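File shown: my_file_32.tsv. Contents: TSV, C-alpha atoms.
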chain	number	residue	atom	x	y	z
N	951	MET	CA	9.34	17.28	-17.90
N	952	ALA	CA	12.14	15.23	-19.50
N	953	TYR	CA	11.41	12.74	-22.27
N	954	ARG	CA	13.69	10.24	-23.95
N	955	ASN	CA	11.78	9.71	-27.20
N	956	LEU	CA	9.68	12.87	-27.47
N	957	ASP	CA	10.12	16.60	-27.67
N	958	LEU	CA	7.33	18.74	-26.23
N	959	ALA	CA	7.32	22.50	-26.75
N	960	VAL	CA	4.53	24.70	-25.41
N	961	ASP	CA	4.30	28.17	-26.95
N	962	GLY	CA	1.35	30.09	-25.60
N	963	ARG	CA	-1.79	28.07	-26.32
N	964	VAL	CA	-0.10	25.85	-28.93
N	965	ALA	CA	1.83	22.71	-28.00
N	966	LEU	CA	4.07	20.84	-30.44
N	967	LEU	CA	4.78	17.17	-29.73
N	968	THR	CA	7.48	15.53	-31.86
N	969	ILE	CA	8.11	11.78	-31.78
N	970	ARG	CA	11.90	11.57	-31.99
N	971	ARG	CA	13.05	8.03	-32.83
N	972	GLU	CA	14.42	8.55	-36.31
N	973	GLU	CA	16.57	5.43	-36.10
N	974	ALA	CA	13.34	3.41	-35.76
N	975	ARG	CA	11.23	5.59	-38.09
N	976	ASN	CA	9.60	7.11	-35.00
N	977	ALA	CA	7.95	3.82	-34.03
N	978	LEU	CA	5.68	3.69	-30.99
N	979	ASP	CA	7.41	1.24	-28.70
N	980	ALA	CA	6.25	0.72	-25.10
N	981	GLU	CA	8.48	3.45	-23.69
N	982	THR	CA	7.28	5.98	-26.28
N	983	VAL	CA	3.65	5.13	-25.62
N	984	GLU	CA	4.16	5.71	-21.88
N	985	GLU	CA	5.90	9.03	-22.57
N	986	PHE	CA	3.13	10.04	-24.96
N	987	HIS	CA	0.55	9.61	-22.18
N	988	ARG	CA	2.66	11.78	-19.88
N	989	ALA	CA	3.00	14.42	-22.58
N	990	LEU	CA	-0.78	14.49	-23.08
N	991	ASP	CA	-1.16	15.10	-19.34
N	992	GLU	CA	1.40	17.89	-19.47
N	993	VAL	CA	-0.40	19.57	-22.37
N	994	ARG	CA	-3.66	19.34	-20.44
N	995	ARG	CA	-2.09	20.97	-17.37
N	996	ALA	CA	-0.68	23.74	-19.58
N	997	ARG	CA	-4.25	24.38	-20.84
N	998	SER	CA	-3.05	24.39	-24.45
N	999	GLY	CA	-5.85	24.88	-26.93
N	1000	VAL	CA	-4.12	23.06	-29.79
N	1001	LEU	CA	-1.69	20.15	-29.87
N	1002	ILE	CA	0.27	19.56	-33.08
N	1003	VAL	CA	1.71	16.04	-33.40
N	1004	THR	CA	4.51	15.28	-35.85
N	1005	GLY	CA	7.56	13.08	-36.31
N	1006	ALA	CA	11.24	13.96	-36.33
N	1007	GLY	CA	12.96	14.21	-39.69
N	1008	ASP	CA	11.24	14.04	-43.05
N	1009	LYS	CA	11.07	10.28	-43.65
N	1010	ALA	CA	8.44	9.12	-41.17
N	1011	PHE	CA	5.59	10.60	-39.18
N	1012	VAL	CA	5.21	7.48	-37.05
N	1013	SER	CA	5.76	3.94	-38.20
N	1014	GLY	CA	4.14	0.84	-36.81
N	1015	ALA	CA	5.62	-1.52	-34.26
N	1016	ASP	CA	8.85	-3.41	-34.81
N	1017	ILE	CA	8.10	-6.62	-36.72
N	1018	LYS	CA	10.19	-8.72	-34.33
N	1019	ALA	CA	8.18	-7.33	-31.43
N	1020	ILE	CA	4.91	-8.16	-33.20
N	1021	ARG	CA	6.10	-11.71	-33.84
N	1022	ALA	CA	6.72	-12.20	-30.11
N	1023	ARG	CA	3.32	-10.91	-29.00
N	1024	GLY	CA	0.47	-13.18	-27.97
N	1025	ARG	CA	-3.27	-12.95	-27.43
N	1026	ASP	CA	-2.98	-11.27	-24.05
N	1027	ASP	CA	-0.78	-8.54	-25.55
N	1028	ALA	CA	-3.47	-7.73	-28.09
N	1029	LEU	CA	-6.21	-7.73	-25.46
N	1030	ALA	CA	-4.19	-5.29	-23.34
N	1031	SER	CA	-4.93	-2.68	-26.07
N	1032	VAL	CA	-1.88	-0.59	-25.19
N	1033	ASN	CA	-1.73	1.36	-28.44
N	1034	SER	CA	-5.51	1.51	-28.74
N	1035	ARG	CA	-5.76	3.19	-25.34
N	1036	LEU	CA	-3.19	5.77	-26.45
N	1037	MET	CA	-5.19	6.59	-29.58
N	1038	SER	CA	-8.34	6.98	-27.48
N	1039	ALA	CA	-6.49	9.30	-25.12
N	1040	ALA	CA	-5.34	11.43	-28.05
N	1041	GLU	CA	-8.82	11.44	-29.58
N	1042	GLY	CA	-10.48	12.50	-26.33
N	1043	HIS	CA	-7.88	15.09	-25.33
N	1044	ALA	CA	-9.06	18.53	-24.24
N	1045	ALA	CA	-6.91	20.20	-26.90
N	1046	ILE	CA	-7.72	20.13	-30.59
N	1047	THR	CA	-5.15	17.72	-32.04
N	1048	ILE	CA	-3.55	18.26	-35.44
N	1049	ALA	CA	-1.52	15.51	-37.11
N	1050	ALA	CA	1.19	17.15	-39.22
N	1051	VAL	CA	2.19	14.09	-41.25
N	1052	ASN	CA	5.76	14.50	-42.42
N	1053	GLY	CA	6.43	11.16	-44.11
N	1054	TYR	CA	5.38	7.53	-43.75
N	1055	ALA	CA	2.30	7.01	-41.55
N	1056	LEU	CA	1.90	3.26	-41.60
N	1057	GLY	CA	0.16	0.95	-39.14
N	1058	GLY	CA	0.15	2.64	-35.76
N	1059	GLY	CA	1.27	5.88	-37.37
N	1060	CYS	CA	-1.77	5.95	-39.60
N	1061	GLU	CA	-3.94	5.08	-36.60
N	1062	LEU	CA	-2.43	7.96	-34.62
N	1063	ALA	CA	-3.26	10.35	-37.46
N	1064	LEU	CA	-6.81	8.97	-37.54
N	1065	ALA	CA	-7.16	9.62	-33.80
N	1066	CYS	CA	-6.26	13.29	-34.24
N	1067	ASP	CA	-9.00	15.82	-34.89
N	1068	LEU	CA	-7.42	17.27	-38.02
N	1069	ARG	CA	-4.86	15.91	-40.49
N	1070	LEU	CA	-2.39	17.86	-42.61
N	1071	ALA	CA	0.18	16.17	-44.86
N	1072	ALA	CA	3.45	17.03	-46.54
N	1073	ASP	CA	3.42	16.22	-50.24
N	1074	HIS	CA	5.67	13.18	-49.75
N	1075	ALA	CA	3.56	11.57	-47.00
N	1076	VAL	CA	2.35	7.99	-47.37
N	1077	PHE	CA	-0.52	6.38	-45.46
N	1078	GLY	CA	-1.38	2.73	-44.99
N	1079	LEU	CA	-2.63	-0.03	-42.70
N	1080	PRO	CA	-0.54	-2.97	-43.96
N	1081	GLU	CA	-1.17	-5.31	-41.02
N	1082	PRO	CA	-2.97	-8.00	-43.11
N	1083	SER	CA	0.28	-8.51	-45.04
N	1084	LEU	CA	1.70	-9.74	-41.72
N	1085	GLY	CA	-1.26	-12.00	-41.00
N	1086	ILE	CA	-2.84	-9.66	-38.43
N	1087	ILE	CA	-5.35	-6.79	-38.52
N	1088	PRO	CA	-5.04	-3.15	-37.45
N	1089	GLY	CA	-5.44	-3.12	-33.69
N	1090	ALA	CA	-5.35	0.51	-32.58
N	1091	GLY	CA	-8.53	1.83	-34.14
N	1092	GLY	CA	-7.77	1.46	-37.83
N	1093	THR	CA	-10.81	-0.66	-38.69
N	1094	GLN	CA	-13.08	1.65	-36.70
N	1095	ARG	CA	-11.87	5.21	-37.30
N	1096	LEU	CA	-10.85	4.92	-40.96
N	1097	PRO	CA	-14.37	4.09	-42.26
N	1098	ARG	CA	-15.83	6.92	-40.16
N	1099	ILE	CA	-13.47	9.34	-41.91
N	1100	VAL	CA	-13.26	8.11	-45.52
N	1101	GLY	CA	-16.32	5.83	-45.76
N	1102	LEU	CA	-16.59	2.06	-45.54
N	1103	GLY	CA	-15.76	1.39	-49.20
N	1104	ARG	CA	-12.53	3.36	-49.23
N	1105	ALA	CA	-11.53	1.92	-45.85
N	1106	LYS	CA	-11.99	-1.61	-47.18
N	1107	GLU	CA	-9.92	-0.68	-50.22
N	1108	MET	CA	-6.99	0.44	-48.09
N	1109	ILE	CA	-7.07	-2.42	-45.60
N	1110	LEU	CA	-8.16	-5.38	-47.76
N	1111	PHE	CA	-5.76	-4.49	-50.57
N	1112	GLY	CA	-2.96	-3.60	-48.16
N	1113	ALA	CA	-2.84	-0.35	-50.12
N	1114	ARG	CA	-0.60	2.62	-49.51
N	1115	TRP	CA	-1.99	6.03	-50.34
N	1116	ASP	CA	0.25	8.93	-51.21
N	1117	ALA	CA	-0.65	12.41	-50.00
N	1118	ARG	CA	-2.78	13.23	-53.04
N	1119	GLN	CA	-4.75	10.00	-52.76
N	1120	ALA	CA	-5.27	10.66	-49.06
N	1121	LEU	CA	-6.53	14.16	-49.88
N	1122	ALA	CA	-8.93	12.83	-52.52
N	1123	ALA	CA	-10.29	10.25	-50.06
N	1124	GLY	CA	-10.81	12.84	-47.33
N	1125	LEU	CA	-8.19	11.30	-45.05
N	1126	VAL	CA	-6.32	14.62	-44.91
N	1127	SER	CA	-7.65	18.14	-45.40
N	1128	GLU	CA	-4.62	19.79	-47.00
N	1129	VAL	CA	-1.34	18.83	-48.68
N	1130	VAL	CA	1.60	21.23	-48.61
N	1131	PRO	CA	5.27	21.12	-49.66
N	1132	ARG	CA	7.36	19.47	-46.95
N	1133	ALA	CA	9.17	22.74	-46.19
N	1134	GLU	CA	5.83	24.40	-45.42
N	1135	LEU	CA	4.39	21.73	-43.11
N	1136	SER	CA	5.40	23.42	-39.86
N	1137	SER	CA	4.06	26.83	-40.86
N	1138	ALA	CA	0.85	25.25	-42.18
N	1139	GLY	CA	0.34	23.47	-38.84
N	1140	ARG	CA	0.78	26.75	-37.00
N	1141	ARG	CA	-1.66	28.44	-39.40
N	1142	TRP	CA	-4.25	25.74	-38.68
N	1143	ALA	CA	-3.69	26.17	-34.95
N	1144	GLU	CA	-4.31	29.92	-35.20
N	1145	ARG	CA	-7.58	29.29	-37.03
N	1146	VAL	CA	-8.77	27.07	-34.19
N	1147	LEU	CA	-7.60	29.51	-31.51
N	1148	ALA	CA	-9.49	32.39	-33.12
N	1149	LEU	CA	-12.76	30.69	-32.13
N	1150	GLY	CA	-14.44	30.52	-28.74
N	1151	PRO	CA	-12.47	27.97	-26.65
N	1152	LEU	CA	-15.50	26.64	-24.81
N	1153	ALA	CA	-17.48	26.30	-28.04
N	1154	VAL	CA	-14.60	24.46	-29.72
N	1155	ARG	CA	-14.22	22.06	-26.80
N	1156	LEU	CA	-17.94	21.27	-26.69
N	1157	ALA	CA	-18.15	20.97	-30.48
N	1158	LYS	CA	-15.32	18.43	-30.40
N	1159	LEU	CA	-17.14	16.40	-27.75
N	1160	ALA	CA	-20.37	16.48	-29.76
N	1161	LEU	CA	-18.61	15.53	-33.00
N	1162	ASN	CA	-16.83	12.60	-31.35
N	1163	ALA	CA	-20.08	11.48	-29.74
N	1164	SER	CA	-21.85	11.46	-33.12
N	1165	ALA	CA	-20.17	8.17	-34.02
N	1166	GLN	CA	-21.30	6.56	-30.76
N	1167	MET	CA	-25.04	7.23	-30.66
N	1168	PRO	CA	-28.17	7.33	-32.83
N	1169	LEU	CA	-29.34	10.63	-34.30
N	1170	ALA	CA	-32.00	11.39	-31.68
N	1171	ALA	CA	-29.54	10.95	-28.83
N	1172	GLY	CA	-26.91	12.93	-30.69
N	1173	LEU	CA	-29.30	15.83	-31.21
N	1174	LEU	CA	-30.10	15.85	-27.51
N	1175	TYR	CA	-26.38	15.84	-26.71
N	1176	GLU	CA	-25.91	18.74	-29.13
N	1177	SER	CA	-28.74	20.76	-27.59
N	1178	THR	CA	-27.31	20.22	-24.12
N	1179	ALA	CA	-23.87	21.40	-25.24
N	1180	GLN	CA	-25.42	24.41	-26.94
N	1181	ALA	CA	-27.29	25.27	-23.74
N	1182	ILE	CA	-23.96	25.44	-21.91
N	1183	THR	CA	-22.56	27.86	-24.48
N	1184	PHE	CA	-25.71	30.02	-24.31
N	1185	GLU	CA	-24.98	30.74	-20.64
N	1186	SER	CA	-21.29	31.50	-21.21
N	1187	ARG	CA	-19.39	34.75	-21.20
N	1188	ASP	CA	-17.87	33.76	-24.53
N	1189	LYS	CA	-21.32	33.83	-26.15
N	1190	MET	CA	-21.92	37.36	-24.91
N	1191	GLU	CA	-18.45	38.40	-26.07
N	1192	GLY	CA	-18.78	36.73	-29.47
N	1193	THR	CA	-22.20	38.17	-30.24
N	1194	SER	CA	-21.20	41.62	-28.93
N	1195	ALA	CA	-18.04	41.63	-31.03
N	1196	PHE	CA	-20.02	40.69	-34.13
N	1197	LEU	CA	-22.55	43.48	-33.58
N	1198	GLU	CA	-19.81	45.98	-32.76
N	1199	LYS	CA	-17.75	44.89	-35.80
N	1200	ARG	CA	-14.60	44.10	-33.81
N	1201	PRO	CA	-12.53	40.97	-33.14
N	1202	PRO	CA	-13.80	38.96	-30.15
N	1203	ARG	CA	-11.71	38.56	-27.01
N	1204	PHE	CA	-12.68	35.10	-25.80
N	1205	THR	CA	-11.68	33.81	-22.37
N	1206	GLY	CA	-13.10	30.28	-22.43
N	1207	ASP	CA	-15.68	31.09	-19.76
Do you think you could lay out the structure here as structure tokens?
Amino acid sequence: MAYRNLDLAVDGRVALLTIRREEARNALDAETVEEFHRALDEVRRARSGVLIVTGAGDKAFVSGADIKAIRARGRDDALASVNSRLMSAAEGHAAITIAAVNGYALGGGCELALACDLRLAADHAVFGLPEPSLGIIPGAGGTQRLPRIVGLGRAKEMILFGARWDARQALAAGLVSEVVPRAELSSAGRRWAERVLALGPLAVRLAKLALNASAQMPLAAGLLYESTAQAITFESRDKMEGTSAFLEKRPPRFTGD
């Protein structure tokens, strides 16, 4: 499938999606958002187990919207939740999503990283939700996902100060899980993908659903959800393969069934 602003490469069970708008710091304009949805559908059809998301070049992962475009938007544009729906689609995708943050991740770029399951950063990456400096608030999940990841206090610090965190600050806050030299970001993303793919595919998919649901329901309901998901895995071929491989001291050969 041809894309104007994206590159999508599928290699086995790993897909790499690169936002390629370097002249605009890889900003998510309307066309790119529409292409991103199509790319997510393509990755789903390819049955990729992992999707790595990154930006072209080494200056920006994804930047926020063009300021002139923001100035022209009205109430109905905000209520349309175009970018918010994209982040939800990324968050709920069948694949495990890895944000390989290769530079500035501000505004919508930070929110895209937050919507991914796992976050890895190059040592020159910068994160921030600077919308209040423009008289608006983050509108694609920033006020909701950030506190779930770093805690309410740290989220307030970033947003209410208009703070920018470098890669080390993001690591200390728990926003990212690893910081690597920029030249090693691609190989580190692939290494993370292989770690995910070594596990039972069905178990990983159900664990992701249960983890995402944990923020949406009280503990008792979450525990019931977890038990139901576990019951599905208990009847799977992957459980028999995984337990047999452990007892036989050999690597498992999972099929996702």
Original post:
Could you work out how far CA of Ala1138 in chain N lies from CA of Arg1155 in chain N, giving the answer in Å with one decimal?
Top reply: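 Interatomic distance, CA of Arg1155 in chain N to CA of Ala1138 in chain N: 21.8 Å.
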Subject >> Straight-line distance linking CA of Glu1107 in chain N with CA of Gly1092 in chain N, stated in Å to one decimal >> reply: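 According to the coordinates, CA of Glu1107 in chain N and CA of Gly1092 in chain N are separated by 12.8 Å.
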Subject >> Using all atoms listed in the file: which of N:Ile1086, N:Val993, N:Val1003, N:Leu1056 has the shortest distance to His1043 in chain N >> reply: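 Smallest separation from His1043 in chain N among the options: N:Val993.
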**OP:** Pick out the residues sitting within 6 Å of Pro1131 in chain N, and hand them over as a PyMOL selection string; count only C-alpha atoms, and ignore anything fewer than 2 positions along from it in its own chain.
**Re:** chain N and resi 1072-1073+1133-1134
Residues just named, written with C-alpha atoms as a PDB file, keeping the file's coordinate frame:
ATOM      1  CA  ALA N1072       3.450  17.030 -46.540  1.00  0.00           C
ATOM      2  CA  ASP N1073       3.420  16.220 -50.240  1.00  0.00           C
ATOM      3  CA  ALA N1133       9.170  22.740 -46.190  1.00  0.00           C
ATOM      4  CA  GLU N1134       5.830  24.400 -45.420  1.00  0.00           C
TER       5      GLU N1134
END
**OP:** Go through N:Asp991, N:Glu972, N:Glu1144, N:Asp1008 one by one, measure the shortest atom-to-atom distance of each to Val1076 in chain N using all atoms listed in the file, and give the residue with the smallest value.
**Re:**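 Looking at the shortest contact to Val1076 in chain N, the residue is N:Asp1008.
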Original post:
What separation in Å, quoted to one decimal, exists between CA of His987 in chain N and CA of Ala1050 in chain N?
Top reply: 18.6 Å
**OP:** Would you mind listing what lies within 9 Å of Thr1004 in chain N as a PyMOL selection string, with only C-alpha atoms counted and same-chain residues fewer than 2 positions away left out?
**Re:** chain N and resi 966-969+1002+1006+1011-1012+1048-1052
Original post:
Could you name the residues that touch Ala1075 in chain N at 12 Å or less, counting only C-alpha atoms, but leaving out those on the same chain fewer than 3 positions away, as a PyMOL selection string?
Top reply: chain N and resi 1004-1005+1008-1013+1049-1056+1059-1060+1063+1069-1072+1078+1114-1121+1125-1126+1128-1132+1135
**OP:** Between N:Gly1085, N:Gly1042, N:Pro1151, N:Gly1124, single out the one closest to Leu990 in chain N, counting all atoms listed in the file.
**Re:**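 For Leu990 in chain N, the nearest of the given residues is N:Gly1042.
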**OP:** Would you be able to write out as a VMD selection string which residues have an atom within 12 Å of (17.0, 9.7, -23.8) in the file's coordinates, counting all atoms listed in the file?
**Re:** chain N and resid 952 to 957 970 to 971 981 to 982 985
**OP:** May I ask which of the residues N:Asp1067, N:Glu1198, N:Glu1081, N:Asp1188 is the closest one to Ala1143 in chain N, counting all atoms listed in the file?
**Re:**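 Ranking N:Asp1067, N:Glu1198, N:Glu1081, N:Asp1188 by distance to Ala1143 in chain N, first place goes to N:Asp1067.
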Subject >> Neighbour list for Ala1040 in chain N as an NGL selection string, cut-off 10 Å, only C-alpha atoms, skip fewer than 3 positions in-chain >> reply: :N and (986-987 or 990 or 1001 or 1003 or 1034-1037 or 1043-1047 or 1062-1067)
**OP:** Find the residue from N:Gly1103, N:Pro1080, N:Gly1150, N:Gly1172 that sits nearest to Pro1201 in chain N; use all atoms listed in the file when measuring.
**Re:**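 Closest to Pro1201 in chain N, using all atoms listed in the file: N:Gly1150.
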Original post:
What lies within 8 Å of range 1173-1183 of chain N using only C-alpha atoms, ignoring chain neighbours under 4 positions off, as a PyMOL selection string?
Top reply: chain N and resi 1152-1153+1156-1157+1160+1169+1188-1189
**OP:** Check the smallest atom-to-atom distance from each of N:Ala989, N:Ala977, N:Ala1171, N:Leu1079 to Lys1106 in chain N using only C-alpha atoms, then report the winner.
**Re:** N:Leu1079
